[in-house]
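Below is model.cif, holding mmCIF, C-alpha atoms and all ligand atoms.
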```
data_upload
loop_
_atom_site.label_atom_id
_atom_site.label_comp_id
_atom_site.auth_asym_id
_atom_site.auth_seq_id
_atom_site.Cartn_x
_atom_site.Cartn_y
_atom_site.Cartn_z
CA MET N 253 0.00 0.00 0.00
CA ARG N 254 1.50 3.31 -1.09
CA THR N 255 1.04 6.28 1.25
CA PRO N 256 0.02 9.26 -0.89
CA ILE N 257 2.10 12.42 -0.80
CA VAL N 258 0.78 15.92 -1.27
CA ALA N 259 3.63 18.36 -1.78
CA GLY N 260 3.36 22.13 -2.07
CA ASN N 261 5.94 23.64 -4.40
CA TRP N 262 6.08 27.28 -3.42
CA LYS N 263 8.45 28.19 -6.28
CA MET N 264 9.87 31.72 -5.77
CA TYR N 265 7.13 32.85 -3.39
CA LYS N 266 7.06 33.69 0.33
CA THR N 267 9.55 35.50 2.50
CA VAL N 268 10.81 33.74 5.63
CA ALA N 269 8.22 35.57 7.73
CA GLU N 270 5.38 34.60 5.39
CA ALA N 271 6.60 31.01 5.20
CA VAL N 272 6.78 30.54 8.97
CA LYS N 273 3.34 32.10 9.46
CA TYR N 274 1.94 29.66 6.88
CA VAL N 275 3.45 26.65 8.63
CA HIS N 276 1.91 27.67 11.95
CA GLU N 277 -1.48 27.93 10.27
CA LEU N 278 -1.15 24.65 8.37
CA ARG N 279 0.13 22.61 11.31
CA ALA N 280 -2.94 23.58 13.28
CA MET N 281 -5.09 21.99 10.53
CA VAL N 282 -3.23 18.84 9.50
CA PRO N 283 -3.32 16.66 12.65
CA ASP N 284 -6.70 15.26 11.68
CA VAL N 285 -5.43 14.17 8.25
CA THR N 286 -4.00 10.67 8.45
CA GLY N 287 -2.59 8.39 5.80
CA VAL N 288 -1.12 11.22 3.72
CA GLN N 289 2.42 12.57 3.79
CA VAL N 290 2.32 16.37 3.63
CA VAL N 291 5.42 18.06 2.18
CA LEU N 292 6.27 21.76 1.73
CA ALA N 293 8.99 23.01 -0.62
CA PRO N 294 9.98 26.58 0.31
CA THR N 295 12.81 28.63 -1.20
CA PHE N 296 16.32 27.87 0.04
CA THR N 297 16.35 30.89 2.35
CA ALA N 298 13.20 29.65 4.10
CA LEU N 299 14.23 25.98 4.25
CA HIS N 300 15.66 25.97 7.75
CA PRO N 301 13.09 28.30 9.37
CA VAL N 302 10.25 26.30 7.81
CA ALA N 303 11.79 23.02 8.98
CA GLU N 304 12.06 24.43 12.50
CA ALA N 305 8.47 25.69 12.41
CA ALA N 306 7.29 22.25 11.22
CA ARG N 307 9.34 20.26 13.74
CA GLY N 308 7.22 17.69 15.57
CA SER N 309 4.34 18.08 13.11
CA ARG N 310 3.16 15.84 10.26
CA ILE N 311 4.74 18.19 7.70
CA ALA N 312 8.00 17.22 5.96
CA ILE N 313 10.20 19.64 4.03
CA ALA N 314 11.58 19.53 0.48
CA ALA N 315 14.19 21.56 -1.34
CA GLN N 316 13.05 22.78 -4.77
CA ASP N 317 16.34 21.77 -6.40
CA VAL N 318 19.86 20.69 -5.43
CA HIS N 319 23.26 20.48 -7.07
CA TRP N 320 24.66 17.01 -7.73
CA GLU N 321 28.02 17.58 -6.03
CA ARG N 322 28.44 17.57 -2.26
CA GLU N 323 30.50 20.78 -2.31
CA GLY N 324 32.76 22.73 -4.64
CA ALA N 325 33.26 25.88 -6.68
CA PHE N 326 29.66 26.18 -7.93
CA THR N 327 28.61 29.76 -7.21
CA GLY N 328 24.96 30.07 -6.28
CA GLU N 329 24.33 26.35 -5.87
CA VAL N 330 23.20 24.33 -2.83
CA SER N 331 24.04 20.65 -2.40
CA ALA N 332 21.68 17.90 -1.29
CA THR N 333 23.77 17.42 1.83
CA MET N 334 23.33 21.10 2.69
CA ALA N 335 19.58 20.97 2.07
CA ARG N 336 19.43 17.86 4.27
CA GLU N 337 21.28 19.65 7.05
CA ALA N 338 18.84 22.57 6.77
CA GLY N 339 15.97 20.16 7.43
CA ALA N 340 14.83 18.87 4.03
CA GLU N 341 13.96 15.19 3.71
CA TYR N 342 12.87 15.48 0.07
CA ALA N 343 14.22 17.35 -2.95
CA ILE N 344 12.36 18.20 -6.14
CA VAL N 345 14.56 17.66 -9.20
CA GLY N 346 14.00 18.26 -12.89
CA HIS N 347 11.00 20.55 -12.56
CA SER N 348 9.93 21.75 -16.01
CA GLU N 349 10.74 25.35 -15.03
CA ARG N 350 14.30 24.22 -14.29
CA ARG N 351 14.40 22.35 -17.58
CA THR N 352 13.04 25.17 -19.76
CA LEU N 353 14.42 28.24 -17.97
CA PHE N 354 17.71 26.93 -16.54
CA GLY N 355 18.90 24.34 -19.05
CA GLU N 356 18.34 21.18 -17.03
CA ASN N 357 18.03 17.92 -18.89
CA ASP N 358 17.65 14.23 -18.22
CA ALA N 359 21.40 13.85 -17.65
CA SER N 360 21.47 16.49 -14.90
CA VAL N 361 18.29 15.01 -13.41
CA ASN N 362 20.04 11.64 -13.29
CA ARG N 363 23.00 13.04 -11.36
CA LYS N 364 20.73 14.97 -9.01
CA VAL N 365 18.52 11.97 -8.23
CA SER N 366 21.63 10.00 -7.23
CA ALA N 367 22.93 12.90 -5.13
CA VAL N 368 19.61 13.18 -3.30
CA PHE N 369 19.67 9.46 -2.47
CA ALA N 370 23.33 9.71 -1.42
CA ALA N 371 22.38 12.49 1.02
CA GLY N 372 19.79 10.20 2.61
CA MET N 373 16.84 12.08 1.12
CA THR N 374 13.98 11.20 -1.20
CA PRO N 375 13.94 12.68 -4.72
CA ILE N 376 10.71 13.99 -6.22
CA ALA N 377 11.68 13.75 -9.89
CA CYS N 378 9.51 15.65 -12.37
CA ILE N 379 8.72 14.39 -15.85
CA GLY N 380 6.09 15.38 -18.40
CA GLU N 381 5.44 16.39 -21.98
CA THR N 382 4.88 19.81 -23.57
CA LEU N 383 1.68 20.69 -25.43
CA ASP N 384 3.45 20.30 -28.79
CA GLN N 385 4.64 16.85 -27.83
CA ARG N 386 1.17 15.81 -26.71
CA GLU N 387 -0.41 17.12 -29.91
CA ARG N 388 2.14 15.16 -31.94
CA ASN N 389 1.22 12.02 -29.96
CA GLU N 390 4.71 11.85 -28.48
CA THR N 391 3.70 11.80 -24.81
CA PHE N 392 4.68 8.19 -24.14
CA ASP N 393 7.97 8.50 -26.08
CA VAL N 394 8.88 11.61 -24.09
CA LEU N 395 8.08 9.90 -20.79
CA ASP N 396 10.07 6.80 -21.82
CA GLN N 397 13.08 8.95 -22.61
CA GLN N 398 12.81 10.90 -19.34
CA ILE N 399 12.54 7.64 -17.38
CA THR N 400 15.37 5.78 -19.14
CA LYS N 401 17.81 8.68 -19.08
CA GLY N 402 16.72 10.29 -15.83
CA PHE N 403 16.68 7.10 -13.76
CA ASP N 404 19.48 5.21 -15.48
CA GLY N 405 21.67 3.30 -13.03
CA LEU N 406 19.31 3.45 -10.07
CA THR N 407 18.92 0.26 -8.07
CA THR N 408 15.52 -1.40 -7.84
CA ASP N 409 15.47 -0.45 -4.17
CA GLN N 410 16.02 3.23 -5.08
CA VAL N 411 13.26 3.16 -7.70
CA GLY N 412 10.94 1.76 -5.04
CA ARG N 413 11.73 4.75 -2.82
CA LEU N 414 11.69 7.29 -5.64
CA VAL N 415 8.81 9.74 -6.00
CA ILE N 416 7.96 10.67 -9.58
CA ALA N 417 5.84 13.73 -10.34
CA TYR N 418 4.06 13.55 -13.67
CA GLU N 419 3.62 17.21 -14.57
CA PRO N 420 2.38 17.81 -18.12
CA VAL N 421 4.00 21.15 -18.97
CA TRP N 422 0.80 22.44 -20.58
CA ALA N 423 -1.04 22.02 -17.28
CA ILE N 424 1.43 23.94 -15.09
CA GLY N 425 0.12 27.32 -13.99
CA THR N 426 -2.42 27.38 -16.81
CA GLY N 427 -5.58 26.46 -14.91
CA ARG N 428 -5.97 23.61 -17.38
CA ASN N 429 -5.40 20.39 -15.46
CA ALA N 430 -5.08 17.01 -17.13
CA THR N 431 -8.38 15.18 -17.07
CA PRO N 432 -8.49 12.22 -14.68
CA GLN N 433 -8.40 9.97 -17.78
CA GLN N 434 -5.29 11.71 -19.18
CA ALA N 435 -3.57 11.51 -15.79
CA SER N 436 -4.57 7.88 -15.35
CA GLU N 437 -3.27 6.96 -18.79
CA ALA N 438 0.10 8.67 -18.26
CA HIS N 439 0.53 7.31 -14.72
CA GLY N 440 -0.39 3.82 -15.88
CA HIS N 441 2.17 4.07 -18.65
CA ILE N 442 4.89 5.23 -16.25
CA ARG N 443 4.17 2.37 -13.86
CA THR N 444 4.18 -0.17 -16.69
CA ARG N 445 7.60 1.05 -17.79
CA LEU N 446 8.93 0.94 -14.23
CA ARG N 447 7.71 -2.66 -14.00
CA GLN N 448 9.39 -3.59 -17.28
CA TRP N 449 12.67 -1.83 -16.55
CA PHE N 450 13.04 -2.06 -12.76
CA GLY N 451 10.78 -4.95 -11.73
CA ALA N 452 7.37 -5.46 -10.21
CA GLU N 453 8.29 -4.66 -6.63
CA ALA N 454 9.96 -1.32 -7.41
CA ALA N 455 7.06 -0.36 -9.68
CA ALA N 456 4.51 -1.21 -7.01
CA GLN N 457 6.29 0.87 -4.38
CA CYS N 458 7.19 4.00 -6.40
CA ARG N 459 4.82 6.88 -5.74
CA ILE N 460 3.68 8.78 -8.82
CA LEU N 461 2.25 12.23 -8.08
CA TYR N 462 0.23 14.33 -10.49
CA GLY N 463 1.11 18.02 -10.91
CA GLY N 464 -0.46 20.79 -12.98
CA SER N 465 -3.31 23.08 -11.92
CA VAL N 466 -4.33 20.92 -8.95
CA LYS N 467 -7.00 22.65 -6.85
CA PRO N 468 -9.36 21.65 -4.05
CA GLY N 469 -12.06 21.15 -6.69
CA ASN N 470 -10.20 18.60 -8.84
CA MET N 471 -8.05 16.71 -6.31
CA ALA N 472 -10.53 14.04 -5.26
CA GLU N 473 -11.21 12.91 -8.80
CA LEU N 474 -7.52 12.83 -9.70
CA ALA N 475 -6.71 10.99 -6.46
CA GLY N 476 -9.35 8.42 -7.32
CA GLN N 477 -7.32 7.19 -10.31
CA PRO N 478 -5.55 3.90 -9.58
CA ASP N 479 -1.97 5.00 -10.29
CA VAL N 480 -2.19 8.52 -8.87
CA ASP N 481 -0.46 8.60 -5.47
CA GLY N 482 -0.95 12.25 -4.57
CA ALA N 483 -0.04 15.61 -6.03
CA LEU N 484 2.65 18.22 -6.51
CA VAL N 485 0.82 21.52 -6.14
CA GLY N 486 2.06 24.94 -7.22
CA GLY N 487 -0.21 27.99 -7.05
CA ALA N 488 -2.93 26.39 -4.95
CA SER N 489 -0.40 25.46 -2.25
CA LEU N 490 0.32 29.10 -1.44
CA ASP N 491 -2.77 29.49 0.73
CA PRO N 492 -2.74 27.17 3.80
CA ARG N 493 -6.51 26.67 3.87
CA GLY N 494 -6.68 25.75 0.18
CA PHE N 495 -3.67 23.47 0.51
CA TYR N 496 -5.22 21.77 3.52
CA GLU N 497 -8.36 21.16 1.46
CA ILE N 498 -6.28 19.51 -1.27
CA VAL N 499 -4.50 17.37 1.34
CA SER N 500 -7.78 16.27 2.85
CA ARG N 501 -9.10 15.21 -0.58
CA SER N 502 -5.99 13.29 -1.56
CA ARG N 503 -6.82 9.79 -0.39
CA PRO N 504 -8.80 7.53 -2.67
CA THR N 505 -11.00 6.64 0.32
CA ALA N 506 -11.93 10.30 0.67
CA VAL N 507 -13.53 10.37 -2.79
P1 LIG N 601 0.46 24.79 -10.62
O1 LIG N 601 -0.20 23.93 -9.55
O2 LIG N 601 0.51 26.23 -10.25
O3 LIG N 601 -0.10 24.51 -11.96
O4 LIG N 601 2.00 24.31 -10.67
C1 LIG N 601 2.29 22.97 -10.73
C2 LIG N 601 3.73 22.79 -10.46
O5 LIG N 601 4.57 23.23 -11.21
C3 LIG N 601 4.10 22.07 -9.23
O6 LIG N 601 5.45 21.75 -9.22
#
```
Show this structure as structure tokens.
Amino acid sequence: MRTPIVAGNWKMYKTVAEAVKYVHELRAMVPDVTGVQVVLAPTFTALHPVAEAARGSRIAIAAQDVHWEREGAFTGEVSATMAREAGAEYAIVGHSERRTLFGENDASVNRKVSAVFAAGMTPIACIGETLDQRERNETFDVLDQQITKGFDGLTTDQVGRLVIAYEPVWAIGTGRNATPQQASEAHGHIRTRLRQWFGAEAAAQCRILYGGSVKPGNMAELAGQPDVDGALVGGASLDPRGFYEIVSRSRPTAV
């Protein structure tokens, strides 16, 4: 049985003061939600204060990105080990904004996923097709490429612990979420490939989150799809009440 994860990716929003206030509000709401892992991904500057504010609660912390080396002459970068020390247990890697705006690719995702595991953390690795690719019927080919290159060399045990976020690029920040059928089809495809390439056990354990215009109003239906194990939420995670509502609708039993 896979425990769903609902992660809020705050992107470049919230000062430290705003972030800490949010955590105090959210932690007052989440104790009654069981069977879901709640994760918040603040900016690097807010990582430690948010981790401290969430200490002893049901909320875990994620970095939004990490570098693949432990340390070195990489101006502006933060390593997985450093994010771990600041309080992060998860790290998002390969988000489409990193891929399109900052030149990330499957090869860098591959190195980052390994670095996150090496730091004793859990990667949340993002994959997904653009609108052009979907319209050209290339969705499955794109996902296959992202999986083979991005997760190359991982052990079956690591794939079992990996969290994949399927985020169709056309659904991110557009208000146009994938339909439950589109999400189900893509998630089913990803799990089939994991089974073929990494074995049945790893495929059964790997959590696959959906991301792209998730809101309180569409979470329950998405969560009701068999291979959807939660969500990676952008804009709708910025308000604690709205995020709590998404969390509380994230279990299939809650549908
Ligand atoms: P939105 O929920 O704002 O569409 O963003 C999704 C996302 O990019 C989460 O990582």
Legend entry - Site check for ligand LIG 601 (chain N): residues at most 8 Å away, only C-alpha atoms and all ligand atoms, as a PyMOL selection string: chain N and resi 260-261+263+347-349+378+419+423-427+429+463-467+484-489
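Proximity to Phe296 (chain N) at 8 Å, evaluated using all atoms listed in the file and with sequence-adjacent residues fewer than 2 positions away removed, yields N:Pro294, N:Ala298, N:Leu299, N:His300, N:Ala315, N:Gln316, N:Ala335.
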Inset, instruction - Measure the distance from CA of His439 (chain N) to CA of Ala332 (chain N) in Å and round it to one decimal. - result: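 The value is 27.2 Å.
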Inset, instruction - Using only C-alpha atoms, pick whichever of N:Ala367, N:Ala430, N:Ala417, N:Val345 has the shortest atom-to-atom distance to Leu383 (chain N). - result: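 Result for the nearest residue to Leu383 (chain N): N:Ala430.
Between Pro478 (chain N) and the candidates N:Met253, N:Met373, N:Lys266, N:Gly405, the tightest atom-to-atom separation, counting all atoms listed in the file, involves N:Met253.
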Inset, instruction - Between N:Thr255, N:Thr333, N:Ser309, N:Ser366, single out the one closest to Val411 (chain N), counting all atoms listed in the file. - result: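 That would be N:Ser366, the residue with the smallest distance to Val411 (chain N).
Between Glu387 (chain N) and the candidates N:Trp422, N:Gly372, N:Leu461, N:Arg350, the tightest atom-to-atom separation, counting all atoms listed in the file, involves N:Trp422.
If you measure from each of N:Ile311, N:Leu474, N:Met264, N:Ala325 to Glu277 (chain N) using all atoms listed in the file, the closest one turns out to be N:Ile311.
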Legend entry - Which residue of N:Leu406, N:Val368, N:Ala435, N:Val290 approaches Gly380 (chain N) most closely, using only C-alpha atoms: N:Ala435
Legend entry - For Thr444 (chain N): contacts at 8 Å, all atoms listed in the file, fewer than 4 positions along chain excluded, given as a ChimeraX atom specification: /N:440,448,455
With C-alpha atoms retained, could you export that selection as a CSV table (one decimal), in the frame of the given file?
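And here is the file that came out, selection.csv:
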```
chain,number,residue,atom,x,y,z
N,440,GLY,CA,-0.4,3.8,-15.9
N,448,GLN,CA,9.4,-3.6,-17.3
N,455,ALA,CA,7.1,-0.4,-9.7
```
Box in all listed atoms of region 403-422 of chain N, axis-aligned, with 4 Å more on each side; write out centre and edge lengths in Å to one decimal as lines of an AutoDock Vina configuration file.
```
center_x = 11.2
center_y = 10.5
center_z = -11.7
size_x = 28.9
size_y = 31.8
size_z = 25.8
```
Inset, instruction - Quote the spacing between CA of Asp396 (chain N) and CA of Gly355 (chain N) in Å to one decimal place. - result: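 A separation of 19.8 Å between them.
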Inset, instruction - Give me the residues within 7 Å of Trp320 (chain N) as a ChimeraX atom specification, counting only C-alpha atoms and dropping any in the same chain fewer than 4 places off. - result: /N:331,363-364,367
Legend entry - Contacts of Ile498 (chain N) at 7 Å (only C-alpha atoms; same-chain gap of 4+ positions) as a ChimeraX atom specification: /N:467-468,471,494,502
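The residue set within 12 Å of Gly328 (chain N), counting all atoms listed in the file and dropping same-chain residues fewer than 2 places from it, reads N:Phe296, N:Asp317, N:Val318, N:His319, N:Glu323, N:Gly324, N:Ala325, N:Phe326, N:Val330, N:Ser331.
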Inset, instruction - One decimal, Å: what's the distance from CA of Lys401 (chain N) over to CA of Val361 (chain N), could you say? - result: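 Taking CA of Lys401 (chain N) and CA of Val361 (chain N), their separation equals 8.5 Å.
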